[in-house]
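The data block below is query-v9.txt; it holds compact mmCIF, C-alpha atoms and all ligand atoms.
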```txt
# COMPACT_ATOMS: atom_id res chain seq x y z
CA MET A 1485 -48.63 98.60 -91.01
CA PRO A 1486 -47.71 102.23 -91.80
CA LEU A 1487 -45.86 103.29 -94.92
CA LEU A 1488 -42.46 104.93 -94.56
CA GLY A 1489 -41.70 108.30 -96.15
CA ILE A 1490 -38.06 109.32 -96.10
CA ASN A 1491 -37.12 112.99 -95.93
CA ILE A 1492 -33.81 113.57 -97.74
CA ASP A 1493 -33.39 117.31 -96.97
CA HIS A 1494 -30.18 116.72 -95.08
CA VAL A 1495 -28.45 115.11 -98.03
CA ALA A 1496 -28.87 118.54 -99.61
CA THR A 1497 -27.70 120.19 -96.36
CA ILE A 1498 -24.35 118.41 -96.77
CA ARG A 1499 -24.17 119.37 -100.46
CA GLU A 1500 -24.95 123.02 -99.69
CA ALA A 1501 -22.13 123.12 -97.13
CA ARG A 1502 -19.81 123.36 -100.16
CA ARG A 1503 -22.36 124.63 -102.70
CA GLY A 1504 -21.34 121.77 -105.02
CA ASP A 1505 -23.13 118.82 -106.51
CA ILE A 1506 -22.27 116.02 -104.07
CA PRO A 1507 -23.81 114.16 -102.37
CA ASP A 1508 -26.32 113.74 -105.17
CA VAL A 1509 -29.93 114.10 -104.06
CA MET A 1510 -31.29 111.90 -106.88
CA ASN A 1511 -28.93 109.07 -105.89
CA ALA A 1512 -30.04 109.51 -102.29
CA ALA A 1513 -33.65 109.10 -103.35
CA HIS A 1514 -32.80 105.93 -105.27
CA ALA A 1515 -30.94 104.52 -102.26
CA ALA A 1516 -33.85 105.33 -99.93
CA VAL A 1517 -36.29 103.59 -102.26
CA ALA A 1518 -33.96 100.58 -102.54
CA GLY A 1519 -34.00 100.41 -98.73
CA GLY A 1520 -37.80 100.32 -98.67
CA ALA A 1521 -39.00 103.95 -98.65
CA ASP A 1522 -42.60 104.16 -99.85
CA SER A 1523 -42.29 107.86 -100.65
CA ILE A 1524 -39.70 110.62 -100.70
CA THR A 1525 -40.22 113.93 -98.91
CA VAL A 1526 -38.35 117.18 -99.39
CA HIS A 1527 -38.93 120.58 -97.82
CA LEU A 1528 -38.42 123.52 -100.18
CA ARG A 1529 -37.75 126.28 -97.67
CA GLU A 1530 -38.09 129.96 -98.39
CA ASP A 1531 -34.36 130.48 -97.72
CA ARG A 1532 -33.37 127.42 -99.86
CA ARG A 1533 -30.95 126.33 -97.15
CA HIS A 1534 -30.94 122.73 -98.36
CA ILE A 1535 -33.35 121.56 -101.07
CA GLN A 1536 -33.31 123.74 -104.22
CA ASP A 1537 -36.00 124.18 -106.87
CA LYS A 1538 -34.00 122.03 -109.32
CA ASP A 1539 -34.03 119.15 -106.80
CA VAL A 1540 -37.82 119.17 -106.60
CA ALA A 1541 -38.17 119.26 -110.38
CA GLY A 1542 -35.54 116.49 -110.78
CA LEU A 1543 -37.17 114.23 -108.20
CA ARG A 1544 -40.56 114.73 -109.79
CA LYS A 1545 -39.08 113.43 -113.07
CA ILE A 1546 -37.12 110.42 -111.83
CA LEU A 1547 -39.09 109.06 -108.87
CA LYS A 1548 -41.19 105.93 -109.28
CA VAL A 1549 -42.58 106.37 -105.75
CA ARG A 1550 -44.66 109.31 -104.51
CA LEU A 1551 -43.00 112.70 -104.04
CA ASN A 1552 -44.28 114.62 -101.02
CA LEU A 1553 -43.34 118.30 -100.89
CA GLU A 1554 -43.24 120.08 -97.55
CA MET A 1555 -43.73 123.81 -97.88
CA ALA A 1556 -44.98 126.92 -96.16
CA PRO A 1557 -48.41 128.15 -97.34
CA THR A 1558 -46.99 131.14 -99.22
CA GLU A 1559 -47.97 132.41 -102.68
CA GLU A 1560 -44.46 131.67 -104.01
CA MET A 1561 -44.68 128.03 -102.93
CA ILE A 1562 -48.23 127.64 -104.20
CA ARG A 1563 -47.07 128.86 -107.63
CA ILE A 1564 -44.19 126.38 -107.67
CA VAL A 1565 -46.23 123.39 -106.54
CA ARG A 1566 -48.98 124.01 -109.08
CA VAL A 1567 -46.34 123.70 -111.83
CA ILE A 1568 -44.37 120.76 -110.43
CA ARG A 1569 -47.41 118.82 -109.24
CA PRO A 1570 -46.01 116.33 -106.73
CA ALA A 1571 -48.34 113.58 -105.48
CA SER A 1572 -48.85 115.41 -102.21
CA VAL A 1573 -48.02 118.54 -100.30
CA CYS A 1574 -47.59 118.87 -96.55
CA LEU A 1575 -48.16 122.44 -95.42
CA VAL A 1576 -45.94 123.51 -92.52
CA PRO A 1577 -45.31 126.75 -90.68
CA GLU A 1578 -41.88 128.17 -91.39
CA LYS A 1579 -39.63 130.65 -89.61
CA ARG A 1580 -36.32 131.78 -91.06
CA GLN A 1581 -34.42 131.49 -87.80
CA GLU A 1582 -35.56 128.00 -86.84
CA LEU A 1583 -33.21 125.03 -87.13
CA THR A 1584 -36.12 122.84 -88.16
CA THR A 1585 -39.93 123.05 -88.15
CA GLU A 1586 -40.83 123.94 -84.57
CA GLY A 1587 -44.50 123.09 -84.33
CA GLY A 1588 -47.72 122.49 -86.20
CA LEU A 1589 -49.72 124.94 -88.28
CA ASN A 1590 -52.36 126.95 -86.50
CA VAL A 1591 -55.14 125.91 -88.87
CA HIS A 1592 -57.84 126.81 -86.35
CA GLY A 1593 -56.59 130.42 -86.21
CA GLN A 1594 -56.58 131.01 -90.00
CA MET A 1595 -59.44 128.97 -91.40
CA SER A 1596 -60.29 131.07 -94.44
CA ARG A 1597 -56.66 131.39 -95.58
CA MET A 1598 -56.06 127.64 -95.14
CA ARG A 1599 -59.27 126.82 -97.01
CA GLU A 1600 -58.08 129.00 -99.92
CA VAL A 1601 -54.59 127.44 -99.96
CA CYS A 1602 -55.96 123.87 -99.82
CA GLN A 1603 -58.30 124.64 -102.68
CA LYS A 1604 -55.56 126.17 -104.87
CA ILE A 1605 -53.36 123.09 -104.42
CA LYS A 1606 -56.10 120.45 -104.60
CA SER A 1607 -57.45 121.93 -107.83
CA LYS A 1608 -54.25 120.66 -109.51
CA GLY A 1609 -54.95 117.11 -108.34
CA ILE A 1610 -52.39 117.28 -105.51
CA MET A 1611 -53.26 115.73 -102.15
CA VAL A 1612 -52.98 118.16 -99.22
CA SER A 1613 -51.82 117.25 -95.75
CA LEU A 1614 -51.61 119.75 -92.87
CA PHE A 1615 -48.85 119.42 -90.29
CA VAL A 1616 -50.58 119.99 -86.95
CA ASP A 1617 -49.91 119.58 -83.26
CA PRO A 1618 -51.79 116.68 -81.64
CA LYS A 1619 -54.84 118.77 -80.68
CA THR A 1620 -58.37 117.79 -81.63
CA ASN A 1621 -59.40 121.36 -82.54
CA GLN A 1622 -56.59 121.51 -85.13
CA ILE A 1623 -57.63 118.12 -86.54
CA GLN A 1624 -61.26 119.23 -86.83
CA SER A 1625 -60.15 122.48 -88.48
CA ALA A 1626 -58.01 120.55 -90.98
CA LYS A 1627 -61.11 118.61 -91.97
CA ASP A 1628 -63.20 121.79 -92.16
CA VAL A 1629 -60.78 123.57 -94.52
CA GLY A 1630 -60.77 120.61 -96.92
CA ALA A 1631 -57.44 118.88 -96.21
CA ASP A 1632 -57.14 115.26 -97.30
CA ALA A 1633 -54.74 114.32 -94.53
CA VAL A 1634 -53.07 115.49 -91.35
CA GLU A 1635 -49.49 114.89 -90.34
CA ILE A 1636 -49.35 114.89 -86.57
CA HIS A 1637 -46.33 116.66 -85.14
CA THR A 1638 -44.41 114.16 -83.02
CA GLY A 1639 -41.62 116.55 -82.02
CA ASN A 1640 -42.74 117.06 -78.43
CA TYR A 1641 -43.16 113.31 -77.96
CA ALA A 1642 -39.67 112.73 -79.39
CA GLU A 1643 -38.07 115.24 -77.04
CA ALA A 1644 -39.93 114.23 -73.86
CA LYS A 1645 -38.73 111.55 -71.46
CA GLY A 1646 -40.45 109.06 -69.11
CA ASP A 1647 -43.93 110.03 -67.91
CA ALA A 1648 -43.89 113.21 -69.95
CA GLN A 1649 -43.30 111.15 -73.08
CA ALA A 1650 -46.21 108.85 -72.19
CA GLU A 1651 -48.40 111.96 -71.84
CA GLU A 1652 -47.31 113.22 -75.26
CA LEU A 1653 -48.05 109.81 -76.76
CA LYS A 1654 -51.53 109.92 -75.26
CA LYS A 1655 -52.16 113.27 -76.98
CA ILE A 1656 -51.02 111.77 -80.29
CA HIS A 1657 -53.40 108.81 -79.81
CA GLN A 1658 -56.34 111.15 -79.12
CA ALA A 1659 -55.56 113.31 -82.14
CA ALA A 1660 -55.10 110.20 -84.29
CA ASP A 1661 -58.50 108.82 -83.23
CA ALA A 1662 -60.12 112.15 -84.12
CA ALA A 1663 -58.46 112.17 -87.55
CA VAL A 1664 -59.53 108.61 -88.32
CA GLN A 1665 -63.11 109.32 -87.20
CA LEU A 1666 -63.24 112.37 -89.48
CA GLY A 1667 -62.04 110.31 -92.43
CA LEU A 1668 -58.70 112.11 -92.74
CA LYS A 1669 -55.62 110.21 -93.84
CA LEU A 1670 -53.35 109.95 -90.80
CA ASN A 1671 -49.62 110.63 -91.04
CA ALA A 1672 -47.06 111.55 -88.38
CA GLY A 1673 -43.53 112.79 -88.18
CA HIS A 1674 -40.77 114.94 -86.74
CA GLY A 1675 -38.04 113.77 -84.41
CA LEU A 1676 -38.82 110.09 -84.90
CA ASP A 1677 -35.79 107.84 -84.54
CA TYR A 1678 -34.80 104.20 -84.13
CA LYS A 1679 -35.67 104.24 -80.41
CA ASN A 1680 -38.96 106.13 -80.33
CA VAL A 1681 -40.66 105.17 -83.60
CA GLN A 1682 -42.48 101.99 -82.65
CA PRO A 1683 -45.19 103.34 -80.31
CA VAL A 1684 -46.16 105.82 -83.04
CA ALA A 1685 -46.03 103.18 -85.77
CA HIS A 1686 -48.45 101.04 -83.71
CA ILE A 1687 -51.19 103.69 -83.60
CA THR A 1688 -54.37 102.38 -85.18
CA GLY A 1689 -55.05 103.91 -88.58
CA MET A 1690 -51.54 105.28 -89.06
CA HIS A 1691 -51.02 105.64 -92.80
CA GLU A 1692 -47.48 106.96 -93.15
CA LEU A 1693 -44.55 108.12 -91.04
CA ASN A 1694 -42.22 110.78 -92.41
CA ILE A 1695 -38.69 110.48 -91.07
CA GLY A 1696 -35.56 112.37 -92.03
CA PHE A 1697 -32.81 113.41 -89.65
CA SER A 1698 -32.28 110.17 -87.72
CA VAL A 1699 -32.07 108.11 -90.89
CA ILE A 1700 -29.66 110.47 -92.67
CA ALA A 1701 -27.52 110.61 -89.49
CA ARG A 1702 -27.38 106.79 -89.32
CA SER A 1703 -26.54 106.61 -93.02
CA VAL A 1704 -23.15 108.20 -92.30
CA PHE A 1705 -22.17 104.92 -90.66
CA VAL A 1706 -24.11 102.24 -92.54
CA GLY A 1707 -25.12 103.85 -95.84
CA LEU A 1708 -28.52 105.24 -96.69
CA GLU A 1709 -30.06 102.09 -98.12
CA GLN A 1710 -29.22 100.13 -94.96
CA ALA A 1711 -30.32 102.99 -92.65
CA VAL A 1712 -33.71 103.04 -94.37
CA ARG A 1713 -33.95 99.25 -94.29
CA GLU A 1714 -33.40 99.25 -90.52
CA MET A 1715 -36.08 101.91 -90.01
CA LYS A 1716 -38.49 100.08 -92.29
CA LYS A 1717 -38.07 96.91 -90.20
CA LEU A 1718 -38.92 98.82 -87.01
CA VAL A 1719 -41.95 100.47 -88.58
CA GLU A 1720 -43.23 97.12 -89.80
N1 LIG B 1801 -42.59 116.05 -91.06
C1 LIG B 1801 -42.50 117.40 -91.17
C2 LIG B 1801 -43.75 118.15 -91.45
C3 LIG B 1801 -41.27 118.07 -91.05
O1 LIG B 1801 -41.21 119.40 -91.15
C4 LIG B 1801 -40.10 117.30 -90.84
C5 LIG B 1801 -38.77 117.98 -90.79
O2 LIG B 1801 -38.47 118.49 -92.05
C6 LIG B 1801 -40.25 115.90 -90.75
C7 LIG B 1801 -41.50 115.31 -90.83
C8 LIG B 1801 -39.07 115.02 -90.53
O3 LIG B 1801 -38.52 115.31 -89.28
P1 LIG B 1801 -37.13 114.68 -88.87
O4 LIG B 1801 -36.12 115.18 -89.85
O5 LIG B 1801 -36.92 115.17 -87.47
O6 LIG B 1801 -37.29 113.19 -88.96
```
Have the structure of the file written as structure tokens, please.
Ligand code: PXP
Amino acid sequence: MPLLGINIDHVATIREARRGDIPDVMNAAHAAVAGGADSITVHLREDRRHIQDKDVAGLRKILKVRLNLEMAPTEEMIRIVRVIRPASVCLVPEKRQELTTEGGLNVHGQMSRMREVCQKIKSKGIMVSLFVDPKTNQIQSAKDVGADAVEIHTGNYAEAKGDAQAEELKKIHQAADAAVQLGLKLNAGHGLDYKNVQPVAHITGMHELNIGFSVIARSVFVGLEQAVREMKKLVE
């Protein structure tokens, strides 16, 4: 049964709409944990559109569960993460104009850079996961550059319908098998919601799902603790 990581970026999105201090990101983390979150994820973006540096430092201090930091593989972020030392880092590609992460990292196309970044982060005792599309060459490259884990991008699966969705799920299964065979920890996320999560949660070897938007959106109506509890039940 996979673990559930909850991404609370969009609590900070609401806060930043007024540049104030509510809703409180630390309280959100506590509520997510009370609802059954096994870890908390935040994405410190280059443009700081939601999560701020102080949030990452604060979460690192108060959390009793693992903190997973999503970040682009830039020198600025590497410097920050080596000081804050979360339990794990998930490296993602990042574009300023995107609404959210649009696809996986091209690890295969930048092996030496990714090897260097993984090494710089791992040398501080931080686990490194690479966010990749469900393609076996990217999974193999993640292993080759020294990543501990992959997070398979489920965005295309989440957006597809009918037969196209079944095809996307097949790709995720193939990539997942490759990751497990290579001894990589297997995570998945992006676009997962209350309707589409179960086929991904059932994949053999799935270690953890990282879910944000759908849970925060549901929390508007039922509260965050309950929204997480409902997702946890589906994942289990
Ligand atoms: N995993 C990664 C690597 C992401 O970039 C995101 C979005 O921040 C998520 C998971 C969560 O995606 P969603 O908010 O669509 O659930």
* Which one is closest to ligand LIG 1801 (chain B): A:Ala1701, A:Ile1687, A:Ala1644, A:Ala1516? Count only C-alpha atoms and all ligand atoms. ->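 Looking only at the distances to ligand LIG 1801 (chain B), the closest residue turns out to be A:Ala1701.
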* Let me have all residues with an atom within 9 Å of ligand LIG 1801 (chain B), counting only C-alpha atoms and all ligand atoms, laid out as an NGL selection string. => :A and (1489-1494 or 1525-1527 or 1554-1555 or 1574-1578 or 1584-1588 or 1614-1616 or 1635-1639 or 1642 or 1671-1677 or 1693-1700)
* **Atom-to-atom span, atom CA of A:Gln1622 and atom CA of A:Leu1718, Å** =>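 Separating atom CA of A:Gln1622 from atom CA of A:Leu1718 is a distance of 28.8 Å.
Of note, atom CA of A:Leu1488 and atom CA of A:Val1684 are spaced 12.1 Å apart.
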* When you draw a straight line from atom CA of A:Lys1717 to atom CA of A:Ile1546, how long is it in Å? ->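 Result for atom CA of A:Lys1717 versus atom CA of A:Ile1546: 25.5 Å, one decimal.
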Skipping near chain neighbours, those fewer than 4 positions away, what residues fall within 10 Å of A:Thr1688 using all atoms listed in the file, listed as a JSON list (two decimals) with C-alpha atoms, keeping the file's coordinate frame?
```json
[["chain", "number", "residue", "atom", "x", "y", "z"],
["A", 1485, "MET", "CA", -48.63, 98.60, -91.01],
["A", 1486, "PRO", "CA", -47.71, 102.23, -91.80],
["A", 1657, "HIS", "CA", -53.40, 108.81, -79.81],
["A", 1660, "ALA", "CA", -55.10, 110.20, -84.29],
["A", 1661, "ASP", "CA", -58.50, 108.82, -83.23],
["A", 1664, "VAL", "CA", -59.53, 108.61, -88.32],
["A", 1670, "LEU", "CA", -53.35, 109.95, -90.80],
["A", 1684, "VAL", "CA", -46.16, 105.82, -83.04]]
```
Box centre and edge lengths (Å, one decimal), axis-aligned, stretch 1599-1604 of chain A plus 3 Å each side, as JSON:
```
{"center_x": -56.9, "center_y": 126.4, "center_z": -100.9, "size_x": 10.7, "size_y": 11.1, "size_z": 13.9}
```
* What would the list of residues within 10 Å of (-43.9, 110.0, -107.4) (file frame) look like as a ChimeraX atom specification, if all atoms listed in the file are what count? -> /A:1522-1524,1543-1552,1569-1572
* May I have the residues within 8 Å of A:Leu1708 as a ChimeraX atom specification, using only C-alpha atoms and disregarding those fewer than 3 positions away in the same chain? => /A:1512,1515-1516,1519,1699-1700,1702-1704,1711-1712
* Asked: Got a sec: who's within 12 Å of A:Arg1532, counting all atoms listed in the file, leaving out chain neighbours fewer than 4 positions off, as a PyMOL selection string?
  -> chain A and resi 1493+1496-1497+1500+1503+1526-1528+1536-1540+1555+1561+1580
* Counting all atoms listed in the file, the option among A:Asp1647, A:His1592, A:Gly1520, A:Ala1663 closest to A:Glu1714 -> A:Gly1520
* **Selected residue, from A:Glu1720, A:Pro1618, A:Arg1499, A:Asp1628, that lies nearest to A:Lys1654 when counting all atoms listed in the file** =>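 Distance minimum relative to A:Lys1654 lands on A:Pro1618.
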* Nearest to A:His1686 by atom-to-atom distance, counting all atoms listed in the file, from A:Leu1653, A:Phe1705, A:Ala1659, A:Lys1579 ->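 Of all the options, A:Leu1653 lies closest to A:His1686.
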* With distances taken over all atoms listed in the file, which of A:Val1517, A:Ala1626, A:Ile1605, A:Met1598 is nearest to A:Val1565? -> A:Ile1605
* Using only C-alpha atoms, which of the listed residues (A:Val1629, A:Leu1589, A:Val1509, A:Leu1487) sits closest to A:Lys1716? ->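 Using only C-alpha atoms, A:Lys1716 sits closest to A:Leu1487.
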